[in-house]
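Everything below belongs to target31.pdb, which stores PDB, C-alpha atoms and all ligand atoms.
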ATOM      1  CA  MET A   1     122.205 215.485 178.530
ATOM      2  CA  ALA A   2     121.982 215.055 174.782
ATOM      3  CA  GLN A   3     125.106 213.186 173.830
ATOM      4  CA  TYR A   4     126.685 214.223 170.522
ATOM      5  CA  ALA A   5     127.212 211.175 168.311
ATOM      6  CA  ILE A   6     128.815 210.433 164.967
ATOM      7  CA  PHE A   7     127.138 208.056 162.542
ATOM      8  CA  TYR A   8     129.558 206.566 160.052
ATOM      9  CA  ASP A   9     128.222 204.496 157.173
ATOM     10  CA  GLN A  10     131.315 202.472 156.433
ATOM     11  CA  SER A  11     129.511 200.676 153.624
ATOM     12  CA  ARG A  12     129.512 203.978 151.702
ATOM     13  CA  CYS A  13     133.084 205.031 152.511
ATOM     14  CA  ASN A  14     135.563 204.815 149.641
ATOM     15  CA  GLY A  15     138.593 205.944 151.663
ATOM     16  CA  CYS A  16     139.046 209.182 149.729
ATOM     17  CA  LYS A  17     140.102 211.114 152.889
ATOM     18  CA  THR A  18     138.203 214.229 151.891
ATOM     19  CA  CYS A  19     136.954 214.333 155.505
ATOM     20  CA  GLN A  20     140.545 214.576 156.718
ATOM     21  CA  MET A  21     141.536 217.182 154.132
ATOM     22  CA  ALA A  22     138.486 219.348 154.879
ATOM     23  CA  CYS A  23     139.339 219.322 158.595
ATOM     24  CA  LYS A  24     143.000 220.124 157.960
ATOM     25  CA  ASP A  25     142.051 222.931 155.622
ATOM     26  CA  TYR A  26     139.622 224.504 158.101
ATOM     27  CA  HIS A  27     142.071 224.289 161.008
ATOM     28  CA  ASP A  28     145.035 225.184 158.810
ATOM     29  CA  LEU A  29     146.955 222.129 160.042
ATOM     30  CA  PRO A  30     150.396 221.194 158.734
ATOM     31  CA  ALA A  31     151.015 217.902 156.944
ATOM     32  CA  GLU A  32     152.206 216.149 160.094
ATOM     33  CA  ARG A  33     149.174 217.007 162.262
ATOM     34  CA  SER A  34     145.562 215.849 161.812
ATOM     35  CA  TYR A  35     142.488 215.849 164.013
ATOM     36  CA  ASN A  36     140.956 212.962 162.073
ATOM     37  CA  TYR A  37     142.280 210.189 159.875
ATOM     38  CA  VAL A  38     141.284 207.215 157.757
ATOM     39  CA  ILE A  39     142.628 203.746 158.461
ATOM     40  CA  GLU A  40     143.087 201.327 155.568
ATOM     41  CA  TYR A  41     142.666 197.822 156.926
ATOM     42  CA  GLU A  42     143.041 194.498 155.168
ATOM     43  CA  ALA A  43     142.534 190.898 156.187
ATOM     44  CA  THR A  44     142.584 187.477 154.563
ATOM     45  CA  ASP A  45     140.988 184.102 155.083
ATOM     46  CA  GLY A  46     144.520 182.739 155.499
ATOM     47  CA  TRP A  47     147.553 181.941 153.365
ATOM     48  CA  LYS A  48     148.590 178.879 151.377
ATOM     49  CA  THR A  49     151.813 178.001 149.622
ATOM     50  CA  ASP A  50     151.606 177.249 145.912
ATOM     51  CA  SER A  51     153.719 174.649 144.068
ATOM     52  CA  ASP A  52     156.522 177.219 143.609
ATOM     53  CA  GLY A  53     156.626 178.033 147.297
ATOM     54  CA  PHE A  54     154.917 181.442 147.035
ATOM     55  CA  PHE A  55     152.516 182.470 149.781
ATOM     56  CA  ILE A  56     149.096 183.157 148.249
ATOM     57  CA  PRO A  57     146.322 184.859 150.235
ATOM     58  CA  GLN A  58     143.081 182.896 150.332
ATOM     59  CA  GLY A  59     140.619 185.716 149.957
ATOM     60  CA  LEU A  60     141.930 189.216 150.507
ATOM     61  CA  TYR A  61     139.579 191.988 151.489
ATOM     62  CA  SER A  62     139.948 195.487 152.811
ATOM     63  CA  TYR A  63     137.927 198.353 154.198
ATOM     64  CA  PHE A  64     138.323 201.841 155.567
ATOM     65  CA  VAL A  65     137.707 203.224 159.040
ATOM     66  CA  ALA A  66     137.264 206.994 159.119
ATOM     67  CA  LEU A  67     137.997 208.247 162.605
ATOM     68  CA  SER A  68     137.748 211.480 164.557
ATOM     69  CA  CYS A  69     137.128 212.056 168.262
ATOM     70  CA  ASN A  70     134.364 209.784 169.548
ATOM     71  CA  HIS A  71     133.414 212.119 172.427
ATOM     72  CA  CYS A  72     133.413 209.020 174.615
ATOM     73  CA  ASP A  73     131.142 208.363 177.595
ATOM     74  CA  ASP A  74     134.178 207.543 179.722
ATOM     75  CA  PRO A  75     136.954 209.478 177.988
ATOM     76  CA  ALA A  76     140.484 208.331 178.806
ATOM     77  CA  CYS A  77     141.825 211.737 177.750
ATOM     78  CA  VAL A  78     139.676 213.587 180.296
ATOM     79  CA  LYS A  79     140.533 211.143 183.081
ATOM     80  CA  ALA A  80     144.251 211.549 182.411
ATOM     81  CA  CYS A  81     144.415 215.340 182.035
ATOM     82  CA  PRO A  82     146.037 216.831 185.169
ATOM     83  CA  THR A  83     144.691 220.373 184.729
ATOM     84  CA  GLY A  84     141.091 219.849 183.637
ATOM     85  CA  ALA A  85     141.890 221.358 180.253
ATOM     86  CA  CYS A  86     140.546 218.286 178.525
ATOM     87  CA  ALA A  87     136.909 218.175 179.529
ATOM     88  CA  LYS A  88     133.510 216.824 178.531
ATOM     89  CA  ASP A  89     130.769 219.397 178.071
ATOM     90  CA  GLU A  90     127.761 218.554 180.244
ATOM     91  CA  ALA A  91     125.201 219.851 177.777
ATOM     92  CA  THR A  92     126.458 218.203 174.583
ATOM     93  CA  GLY A  93     128.879 215.489 175.669
ATOM     94  CA  ILE A  94     131.522 216.969 173.365
ATOM     95  CA  VAL A  95     135.095 216.505 174.608
ATOM     96  CA  SER A  96     137.501 219.344 173.870
ATOM     97  CA  ILE A  97     140.740 220.861 175.145
ATOM     98  CA  ASN A  98     140.798 224.349 176.656
ATOM     99  CA  GLN A  99     144.062 225.776 175.332
ATOM    100  CA  ASP A 100     144.318 228.301 178.196
ATOM    101  CA  LYS A 101     144.310 225.507 180.778
ATOM    102  CA  CYS A 102     146.539 223.024 178.938
ATOM    103  CA  SER A 103     149.958 222.564 180.568
ATOM    104  CA  GLY A 104     151.339 220.499 177.685
ATOM    105  CA  ALA A 105     151.624 217.347 179.789
ATOM    106  CA  GLY A 106     150.626 215.352 176.718
ATOM    107  CA  VAL A 107     148.861 212.563 178.596
ATOM    108  CA  CYS A 108     145.729 212.935 176.475
ATOM    109  CA  VAL A 109     147.911 212.032 173.491
ATOM    110  CA  THR A 110     149.276 208.896 175.131
ATOM    111  CA  GLN A 111     146.078 207.750 176.852
ATOM    112  CA  CYS A 112     143.461 207.997 174.090
ATOM    113  CA  PRO A 113     143.131 204.472 172.685
ATOM    114  CA  TYR A 114     142.065 205.980 169.354
ATOM    115  CA  SER A 115     145.163 208.205 169.019
ATOM    116  CA  ILE A 116     143.062 211.306 168.474
ATOM    117  CA  PRO A 117     144.765 214.126 170.476
ATOM    118  CA  VAL A 118     147.991 215.470 168.996
ATOM    119  CA  MET A 119     150.709 217.765 170.327
ATOM    120  CA  ASN A 120     151.246 221.093 168.639
ATOM    121  CA  ASP A 121     155.039 221.405 168.435
ATOM    122  CA  GLU A 122     154.832 225.208 168.306
ATOM    123  CA  THR A 123     152.436 225.890 171.196
ATOM    124  CA  LYS A 124     153.536 222.739 173.110
ATOM    125  CA  LYS A 125     149.886 222.033 173.913
ATOM    126  CA  GLY A 126     147.501 219.212 173.151
ATOM    127  CA  GLU A 127     144.884 219.649 170.444
ATOM    128  CA  LYS A 128     142.060 217.528 169.113
ATOM    129  CA  CYS A 129     138.788 217.333 167.219
ATOM    130  CA  ASP A 130     136.106 219.282 169.087
ATOM    131  CA  GLY A 131     133.262 218.056 166.895
ATOM    132  CA  CYS A 132     133.201 221.502 165.221
ATOM    133  CA  LYS A 133     131.166 222.518 168.282
ATOM    134  CA  ASP A 134     130.985 226.188 167.305
ATOM    135  CA  ARG A 135     129.560 225.349 163.888
ATOM    136  CA  VAL A 136     127.174 222.785 165.353
ATOM    137  CA  ALA A 137     125.924 225.349 167.898
ATOM    138  CA  GLU A 138     124.964 227.536 164.947
ATOM    139  CA  GLY A 139     123.106 224.704 163.234
ATOM    140  CA  MET A 140     125.849 223.816 160.758
ATOM    141  CA  MET A 141     127.548 220.471 160.157
ATOM    142  CA  PRO A 142     131.144 219.622 161.096
ATOM    143  CA  PHE A 143     133.461 220.136 158.127
ATOM    144  CA  CYS A 144     134.225 216.407 157.744
ATOM    145  CA  VAL A 145     130.517 215.621 157.543
ATOM    146  CA  GLU A 146     129.805 218.418 155.091
ATOM    147  CA  ALA A 147     132.744 217.507 152.850
ATOM    148  CA  CYS A 148     132.220 213.744 152.537
ATOM    149  CA  PRO A 149     131.330 213.129 148.880
ATOM    150  CA  GLN A 150     129.858 209.725 149.739
ATOM    151  CA  ARG A 151     127.557 211.104 152.444
ATOM    152  CA  ALA A 152     129.077 208.484 154.750
ATOM    153  CA  LEU A 153     129.176 210.764 157.814
ATOM    154  CA  ALA A 154     126.419 212.308 159.896
ATOM    155  CA  ILE A 155     125.968 213.587 163.418
ATOM    156  CA  GLY A 156     123.058 213.261 165.798
ATOM    157  CA  GLU A 157     122.267 212.181 169.324
ATOM    158  CA  ALA A 158     123.375 208.926 170.904
ATOM    159  CA  ASP A 159     119.838 208.058 171.982
ATOM    160  CA  SER A 160     118.630 208.137 168.349
ATOM    161  CA  VAL A 161     120.971 205.723 166.601
ATOM    162  CA  PRO A 162     119.734 204.951 163.065
ATOM    163  CA  GLU A 163     118.805 201.374 162.227
ATOM    164  CA  GLY A 164     121.730 199.250 161.104
ATOM    165  CA  PHE A 165     124.341 201.244 163.038
ATOM    166  CA  GLU A 166     126.118 199.884 166.100
ATOM    167  CA  ARG A 167     128.634 201.244 168.575
ATOM    168  CA  ALA A 168     132.081 201.221 166.963
ATOM    169  CA  SER A 169     133.326 197.667 167.175
ATOM    170  CA  VAL A 170     135.466 196.903 164.182
ATOM    171  CA  ALA A 171     139.140 196.007 163.747
ATOM    172  CA  PRO A 172     141.533 197.652 164.354
ATOM    173  CA  LEU A 173     139.637 199.862 166.825
ATOM    174  CA  PRO A 174     139.816 199.015 170.538
ATOM    175  CA  ASP A 175     136.937 197.306 172.323
ATOM    176  CA  PRO A 176     134.184 199.926 172.718
ATOM    177  CA  GLY A 177     133.825 198.873 176.357
ATOM    178  CA  GLU A 178     137.074 200.704 177.096
ATOM    179  CA  THR A 179     135.810 204.276 176.726
ATOM    180  CA  GLY A 180     132.250 204.072 175.362
ATOM    181  CA  PRO A 181     132.810 205.806 172.014
ATOM    182  CA  ASN A 182     129.877 207.762 170.623
ATOM    183  CA  ARG A 183     130.697 206.636 167.115
ATOM    184  CA  TYR A 184     128.139 204.340 165.562
ATOM    185  CA  ILE A 185     129.048 202.415 162.439
ATOM    186  CA  LYS A 186     127.087 200.685 159.731
ATOM    187  CA  LEU A 187     129.617 198.043 158.790
ATOM    188  CA  ALA A 188     130.873 197.428 155.275
ATOM    189  CA  LYS A 189     130.437 193.838 154.048
ATOM    190  CA  SER A 190     134.189 193.284 154.109
ATOM    191  CA  ALA A 191     134.319 194.465 157.734
ATOM    192  CA  GLU A 192     131.628 191.935 158.639
ATOM    193  CA  ARG A 193     133.706 189.278 156.902
ATOM    194  CA  ALA A 194     136.869 190.329 158.717
ATOM    195  CA  LYS A 195     135.347 189.847 162.177
ATOM    196  CA  GLY A 196     137.553 187.589 164.251
ATOM    197  CA  LYS A 197     140.247 187.475 161.553
ATOM    198  CA  LYS A 198     143.733 188.844 161.960
ATOM    199  CA  GLY A 199     144.421 191.732 159.623
ATOM    200  CA  ASP A 200     146.817 194.610 159.160
ATOM    201  CA  ILE A 201     146.735 198.374 158.777
ATOM    202  CA  SER A 202     148.148 199.012 155.314
ATOM    203  CA  ASN A 203     148.721 202.778 155.606
ATOM    204  CA  VAL A 204     150.730 202.901 158.853
ATOM    205  CA  PRO A 205     153.336 205.436 157.567
ATOM    206  CA  GLU A 206     150.529 207.826 156.681
ATOM    207  CA  LEU A 207     149.047 207.645 160.191
ATOM    208  CA  LYS A 208     152.287 208.498 162.040
TER     209      LYS A 208
HETATM  210  S1  LIG B 301     135.255 211.698 153.072
HETATM  211 FE1  LIG B 301     133.643 210.166 153.390
HETATM  212  S2  LIG B 301     134.075 208.581 151.846
HETATM  213 FE2  LIG B 301     135.944 209.834 152.006
HETATM  214  S3  LIG B 301     137.200 208.760 153.596
HETATM  215 FE3  LIG B 301     135.979 210.311 154.697
HETATM  216  S4  LIG B 301     134.153 209.214 155.387
HETATM  217 FE4  LIG B 301     135.099 207.949 153.768
HETATM  218  S1  LIG B 302     138.244 209.305 171.271
HETATM  219 FE1  LIG B 302     140.052 209.674 172.548
HETATM  220  S2  LIG B 302     140.229 211.917 172.574
HETATM  221 FE2  LIG B 302     138.132 211.466 171.924
HETATM  222  S3  LIG B 302     136.932 211.446 173.867
HETATM  223 FE3  LIG B 302     137.524 209.316 173.419
HETATM  224  S4  LIG B 302     139.414 209.058 174.636
HETATM  225 FE4  LIG B 302     139.102 211.299 174.424
END
Structure re-expressed in structure tokens:
Amino acid sequence: MAQYAIFYDQSRCNGCKTCQMACKDYHDLPAERSYNYVIEYEATDGWKTDSDGFFIPQGLYSYFVALSCNHCDDPACVKACPTGACAKDEATGIVSINQDKCSGAGVCVTQCPYSIPVMNDETKKGEKCDGCKDRVAEGMMPFCVEACPQRALAIGEADSVPEGFERASVAPLPDPGETGPNRYIKLAKSAERAKGKKGDISNVPELK
């Protein structure tokens, strides 16, 4: 099986969210529903108090994590789905939800550690990124990849990971050992620096 993979060059990403907007536009999604998103993450080397008692960060750095479905090797969404609607294609490794089979149980939404599936409040069914599989089958790129002005996104096969990319392991994403995400990232310098440090997501309201 050729496993579909996403290659994300985080060192090129400027957090513009064009990838998200292009996906929403194509799928005609409302403001409150997205199949992909961009996390803004920031960390410091620690805090010190100045002579006036103000807390001052000692080195503050931030980076972006653009995220869509990782079409995982061991997808939590597929394991949790009670009807088989959420399934991994044997030929491509793409994980998608068959709307005809979905019962609306919503467990894909709660079980994905990357918070990718979403509930459609009108159809009462789960939905998610399907890697633009129909476009890819016709030799085209997913919309997020095509739209990125920084050329930070690409797709390919998991057995041909470009040099400098590694399986997604960057805060605040979960440990890749959990589901085996097929997202490979070339880390930004600030992400390298943030390794092992405690940081925060600065755009939480936008992600809800
Ligand atoms: S469109 Fe490209 S540069 Fe902009 S947030 Fe998405 S991945 Fe990053
Ligand atoms: S990222 Fe989430 S929705 Fe996508 S395959 Fe992995 S567990 Fe499923």
For the file shown, what are the residues hit by the PyMOL selection byres (((chain A and resi 96-110) around 6) and not hetatm), laid out as JSON, numbers by chain?
{"A": [77, 85, 86, 87, 95, 111, 112, 117, 118, 124, 125, 130]}
Dump the neighbourhood of ligand LIG 301 (chain B) as a list in words: all residues within 7 Å, distances computed on only C-alpha atoms and all ligand atoms.
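Based on only C-alpha atoms and all ligand atoms, ligand LIG 301 (chain B) is surrounded within 7 Å by Arg12, Cys13, Asn14, Gly15, Cys16, Lys17, Thr18, Cys19, Gln20, Val38, Ala66, Cys144, Ala147, Cys148, Pro149, Gln150, Arg151, Ala152 and Leu153 of chain A.
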From the set A:Ile116, A:Ala168, A:Met140, A:Ile201, which residue has the shortest atom-to-atom contact distance to ligand LIG 302 (chain B), counting only C-alpha atoms and all ligand atoms?
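Among A:Ile116, A:Ala168, A:Met140, A:Ile201, it is A:Ile116 that comes nearest to ligand LIG 302 (chain B).
Evaluated on this file, the PyMOL selection byres (((chain A and resi 29) around 12) and not hetatm) matches Gln20, Met21, Ala22, Cys23, Lys24, Asp25, Tyr26, His27, Asp28, Pro30, Ala31, Glu32, Arg33, Ser34, Tyr35, Asn36, Val118, Met119, Asn120, Asp121, Glu122, Glu127, Lys128 and Cys129 of chain A.
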Let me know the residues the PyMOL selection byres (((chain A and resi 63) around 8) and not hetatm) catches in the file above, as a PDB file with C-alpha atoms, keeping the file's coordinate frame.
ATOM      1  CA  GLU A  40     143.087 201.327 155.568  1.00  0.00           C
ATOM      2  CA  TYR A  41     142.666 197.822 156.926  1.00  0.00           C
ATOM      3  CA  GLU A  42     143.041 194.498 155.168  1.00  0.00           C
ATOM      4  CA  TYR A  61     139.579 191.988 151.489  1.00  0.00           C
ATOM      5  CA  SER A  62     139.948 195.487 152.811  1.00  0.00           C
ATOM      6  CA  PHE A  64     138.323 201.841 155.567  1.00  0.00           C
ATOM      7  CA  VAL A  65     137.707 203.224 159.040  1.00  0.00           C
ATOM      8  CA  ALA A 188     130.873 197.428 155.275  1.00  0.00           C
ATOM      9  CA  SER A 190     134.189 193.284 154.109  1.00  0.00           C
ATOM     10  CA  ALA A 191     134.319 194.465 157.734  1.00  0.00           C
TER      11      ALA A 191
END
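A straight line drawn from atom CA of Gly59 of chain A to atom CA of Lys198 of chain A is 12.8 Å long.
When atom CA of Lys197 of chain A is paired with atom CA of Pro176 of chain A, their separation reads 17.8 Å.
The spacing separating atom CA of Ile6 of chain A from atom CA of Pro82 of chain A amounts to 27.3 Å.
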Nearest residue to ligand LIG 302 (chain B) out of A:Thr49, A:Thr44, A:Ser202, A:Asn70, using all atoms listed in the file?
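Among the listed residues, A:Asn70 lies closest to ligand LIG 302 (chain B).
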Can you pull out the residues contacting segment 181-186 of chain A? Cut-off 7 Å, using only C-alpha atoms, and skip same-chain residues under 2 positions away; I want them as a PDB file with C-alpha atoms, in the coordinates of the input.
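Output contents, as saved in result.pdb:
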ATOM      1  CA  ALA A   5     127.212 211.175 168.311  1.00  0.00           C
ATOM      2  CA  ILE A   6     128.815 210.433 164.967  1.00  0.00           C
ATOM      3  CA  PHE A   7     127.138 208.056 162.542  1.00  0.00           C
ATOM      4  CA  TYR A   8     129.558 206.566 160.052  1.00  0.00           C
ATOM      5  CA  ASP A   9     128.222 204.496 157.173  1.00  0.00           C
ATOM      6  CA  GLN A  10     131.315 202.472 156.433  1.00  0.00           C
ATOM      7  CA  SER A  11     129.511 200.676 153.624  1.00  0.00           C
ATOM      8  CA  ASN A  70     134.364 209.784 169.548  1.00  0.00           C
ATOM      9  CA  HIS A  71     133.414 212.119 172.427  1.00  0.00           C
ATOM     10  CA  CYS A  72     133.413 209.020 174.615  1.00  0.00           C
ATOM     11  CA  ASP A  73     131.142 208.363 177.595  1.00  0.00           C
ATOM     12  CA  ALA A 158     123.375 208.926 170.904  1.00  0.00           C
ATOM     13  CA  GLY A 164     121.730 199.250 161.104  1.00  0.00           C
ATOM     14  CA  PHE A 165     124.341 201.244 163.038  1.00  0.00           C
ATOM     15  CA  GLU A 166     126.118 199.884 166.100  1.00  0.00           C
ATOM     16  CA  ARG A 167     128.634 201.244 168.575  1.00  0.00           C
ATOM     17  CA  ALA A 168     132.081 201.221 166.963  1.00  0.00           C
ATOM     18  CA  PRO A 176     134.184 199.926 172.718  1.00  0.00           C
ATOM     19  CA  THR A 179     135.810 204.276 176.726  1.00  0.00           C
ATOM     20  CA  ALA A 188     130.873 197.428 155.275  1.00  0.00           C
TER      21      ALA A 188
END
Limit the output to all heavy atoms and give segment 157-168 of chain A as a compact mmCIF listing (two decimals), in the first residue's frame.
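Printed below is part00.txt as written:
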# COMPACT_ATOMS: atom_id res chain seq x y z
N GLU A 157 4.36 10.15 -0.69
CA GLU A 157 4.18 8.84 -0.07
C GLU A 157 5.07 8.72 1.16
O GLU A 157 6.19 9.24 1.18
CB GLU A 157 4.48 7.74 -1.09
CG GLU A 157 3.46 7.76 -2.22
CD GLU A 157 3.67 6.65 -3.24
OE1 GLU A 157 4.57 5.81 -3.04
OE2 GLU A 157 2.92 6.64 -4.23
N ALA A 158 4.56 8.02 2.15
CA ALA A 158 5.24 7.95 3.44
C ALA A 158 6.58 7.22 3.36
O ALA A 158 7.42 7.36 4.25
CB ALA A 158 4.34 7.28 4.47
N ASP A 159 6.79 6.44 2.30
CA ASP A 159 8.09 5.77 2.20
C ASP A 159 9.10 6.61 1.41
O ASP A 159 10.19 6.14 1.10
CB ASP A 159 7.95 4.36 1.61
CG ASP A 159 7.31 4.36 0.24
OD1 ASP A 159 7.05 5.46 -0.29
OD2 ASP A 159 7.06 3.27 -0.29
N SER A 160 8.73 7.84 1.07
CA SER A 160 9.68 8.75 0.39
C SER A 160 9.68 10.10 1.10
O SER A 160 9.33 11.12 0.50
CB SER A 160 9.30 8.96 -1.07
OG SER A 160 8.95 7.79 -1.70
N VAL A 161 10.03 10.09 2.35
CA VAL A 161 10.03 11.34 3.13
C VAL A 161 11.25 12.17 2.73
O VAL A 161 12.38 11.68 2.74
CB VAL A 161 10.07 11.04 4.65
CG1 VAL A 161 10.14 12.32 5.45
CG2 VAL A 161 8.86 10.21 5.04
N PRO A 162 11.05 13.43 2.35
CA PRO A 162 12.19 14.27 1.96
C PRO A 162 13.17 14.48 3.11
O PRO A 162 12.77 14.43 4.28
CB PRO A 162 11.54 15.61 1.56
CG PRO A 162 10.09 15.35 1.43
CD PRO A 162 9.77 14.15 2.27
N GLU A 163 14.41 14.73 2.78
CA GLU A 163 15.44 14.96 3.79
C GLU A 163 15.08 16.16 4.66
O GLU A 163 14.56 17.17 4.15
CB GLU A 163 16.77 15.23 3.08
CG GLU A 163 17.95 14.94 3.96
CD GLU A 163 19.25 15.19 3.21
OE1 GLU A 163 19.31 14.92 2.00
OE2 GLU A 163 20.18 15.69 3.87
N GLY A 164 15.30 16.03 5.94
CA GLY A 164 15.05 17.15 6.84
C GLY A 164 13.66 17.12 7.46
O GLY A 164 13.36 17.92 8.35
N PHE A 165 12.81 16.22 6.97
CA PHE A 165 11.44 16.12 7.52
C PHE A 165 11.39 14.92 8.47
O PHE A 165 12.00 13.89 8.22
CB PHE A 165 10.42 15.92 6.40
CG PHE A 165 10.17 17.15 5.57
CD1 PHE A 165 11.15 17.63 4.69
CD2 PHE A 165 8.97 17.84 5.66
CE1 PHE A 165 10.92 18.76 3.92
CE2 PHE A 165 8.75 18.97 4.90
CZ PHE A 165 9.72 19.44 4.03
N GLU A 166 10.61 15.07 9.55
CA GLU A 166 10.44 13.95 10.47
C GLU A 166 8.98 13.85 10.89
O GLU A 166 8.24 14.83 10.82
CB GLU A 166 11.33 14.11 11.70
CG GLU A 166 11.07 15.38 12.48
CD GLU A 166 12.07 15.58 13.61
OE1 GLU A 166 13.28 15.43 13.37
OE2 GLU A 166 11.61 15.90 14.73
N ARG A 167 8.61 12.65 11.32
CA ARG A 167 7.21 12.42 11.70
C ARG A 167 6.79 13.44 12.77
O ARG A 167 7.56 13.69 13.71
CB ARG A 167 7.06 11.00 12.25
CG ARG A 167 5.63 10.56 12.32
CD ARG A 167 5.52 9.06 12.41
NE ARG A 167 4.62 8.57 11.37
CZ ARG A 167 4.34 7.31 11.17
NH1 ARG A 167 4.89 6.38 11.89
NH2 ARG A 167 3.51 6.96 10.22
N ALA A 168 5.60 14.01 12.58
CA ALA A 168 5.14 15.13 13.40
C ALA A 168 5.37 14.92 14.88
O ALA A 168 4.71 14.09 15.52
CB ALA A 168 3.66 15.37 13.14
